[in-house]
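A short write-up of the structure that comes next.
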Amino acid sequence: MSTKTLQIPTADGQADAFATFPDRGGQHPGVLMYADGFGIRPVLREMARELAGHGYYVLVPNLFYRHGPAPVIELPEHIGEEVRDAVFAQLMPLIEAHTADRVLSDADAYVRFLTAQPEVGAGPVAVTGYCIGGLLAMRTAAAHPGQVAAVAAFHGPVGADGPGLFSKLTAEAHLGHAEGDMSPEALGELNQALDAAGVSYTSEIYPGTIHGFTMSDTDAFSASGLKRHWDHLLPLLDRTLGNS
């Protein structure tokens, strides 16, 4: 894989980011990947490289660029329960400052930048995200119905904006929920709202998982949950971006 460190022009400055893509040349479908609340770190780079290995150009922006380049705060190699509260105490002000208006402004910049890269082919793109990044992915897809063909969100608060967000979605969606985050009753209500909005989607609880299950540098990690994530994400992207 080839990897680039990039600066994305936004309305509020330059967002640092990295991109990874096959080094065999040519153009590839574009995927915008939103990190979880812990931000860009080795595990995100590994996941992006794995996705790129399937034939995609993957762009991962630093969500908190307004507060400095990634990593915005110092993170331990393993984010265990004993440090989680202290880490979140530093991160929550950054997350709270990332208002809906900022999210949408940044999304415009990220999608515009992604589609302009010489290694990205013409055609639709996809957006995927983890934890809070899942909500950002949904907001991005809803705001760019003509450009985003697929959206995936994993252990994210995807219903936080209510059914109004779903009504704007034209992308095909996959939502992978942690068992510790969502009850079967809540899943039923969410899926009813997606049905009512006419969204093409799959939405399911991943058995035996807790919030953060895709991230191998946390205590929440589930190998089976991560595999299930790839088993849903890759066919979704192949189907919608024509990368078979």
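Ligands are numbered from 1 in the order shown, residues from 1 within each chain, and chains are lettered A, B, ... in the order they appear in the structure tokens.
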
For the structure I just gave you, how does DSSP split stretch 15-235 of chain A - specifically, which residues are strand (DSSP E or B)? Reply as an MDAnalysis selection string.
chainID A and resid 15:21 28 30:34 57:61 79 120 125:130 148:154 172:178 201:206 218

Produce a table with one row for each residue of stretch 32-136 of chain A that has an atom at most 10 Å from any atom of stretch 220-225 of chain A, each row naming the nearest atom pair and its distance in Å at one decimal; use only C-alpha atoms; arrange rows by chain and rising residue number; format as a tab-separated table.
```
residue	atom	partner	partner_atom	distance
A:Ile79	CA	A:Ala220	CA	9.4
A:Gly80	CA	A:Ala220	CA	8.6
A:Glu81	CA	A:Ala220	CA	9.2
```

Of the listed residues A:His211, A:His155, A:Arg41, A:His177, that which approaches A:Val72 most closely, counting only C-alpha atoms:
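Distance minimum relative to A:Val72 lands on A:Arg41.
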
Tell me, in Å to one decimal, how far atom CA of A:His28 is from atom CA of A:Ala116.
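The value is 12.1 Å.
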
Closest atom pairs, stretch 94-158 of chain A residues within 12 Å of stretch 29-32 of chain A, only C-alpha atoms, as a tab-separated table:
```
residue	atom	partner	partner_atom	distance
A:Asp106	CA	A:Leu32	CA	11.9
A:Ala107	CA	A:Leu32	CA	9.5
A:Asp108	CA	A:Leu32	CA	11.6
A:Ala109	CA	A:Leu32	CA	11.3
A:Tyr110	CA	A:Leu32	CA	7.6
A:Val111	CA	A:Leu32	CA	7.5
A:Arg112	CA	A:Leu32	CA	10.8
A:Phe113	CA	A:Leu32	CA	10.1
A:Leu114	CA	A:Gly30	CA	6.7
A:Thr115	CA	A:Gly30	CA	7.0
A:Ala116	CA	A:Gly30	CA	10.0
A:Gln117	CA	A:Gly30	CA	9.0
A:Pro118	CA	A:Gly30	CA	10.8
A:Glu119	CA	A:Pro29	CA	8.6
A:Val120	CA	A:Gly30	CA	5.7
A:Gly121	CA	A:Pro29	CA	5.5
A:Ala122	CA	A:Pro29	CA	7.7
A:Gly123	CA	A:Pro29	CA	7.5
A:Pro124	CA	A:Pro29	CA	7.5
A:Val125	CA	A:Gly30	CA	5.0
A:Ala126	CA	A:Val31	CA	4.8
A:Val127	CA	A:Leu32	CA	4.7
A:Thr128	CA	A:Leu32	CA	6.4
A:Gly129	CA	A:Leu32	CA	8.4
A:Tyr130	CA	A:Leu32	CA	11.8
A:Gly133	CA	A:Leu32	CA	10.6
A:Gly134	CA	A:Leu32	CA	11.4
A:Leu136	CA	A:Leu32	CA	10.6
A:Ala137	CA	A:Leu32	CA	8.3
A:Met138	CA	A:Leu32	CA	11.6
A:Thr140	CA	A:Leu32	CA	9.6
A:Ala141	CA	A:Leu32	CA	10.3
A:Gln147	CA	A:Gly30	CA	10.6
A:Val148	CA	A:Val31	CA	9.3
A:Ala149	CA	A:Val31	CA	10.3
A:Ala150	CA	A:Val31	CA	9.2
A:Val151	CA	A:Val31	CA	9.5
A:Ala152	CA	A:Leu32	CA	10.5
A:Ala153	CA	A:Leu32	CA	11.9
```

As a PyMOL selection string, which residues of stretch 26-95 of chain A does DSSP assign to helix (DSSP H, G or I)?
chain A and resi 42-52+65-67+81-95

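If only C-alpha atoms are the atoms counted, then among A:Ser183, A:Thr10, A:Thr202, A:Gln90 the closest residue to A:Gly37 is A:Gln90.
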
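Non-sequential neighbours of A:Arg66 (distance at most 10 Å, separation of 6 or more positions within a chain, only C-alpha atoms) are Asp12, Gly13, Gln14, Ala15, Asp16, Val72, Leu94, Ala97 and His98 of chain A.
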
Identify which of the residues A:Gly180, A:Ser200, A:Tyr206, A:Glu172 lies closest to A:Arg239, counting only C-alpha atoms when measuring atom-to-atom distances.
A:Glu172
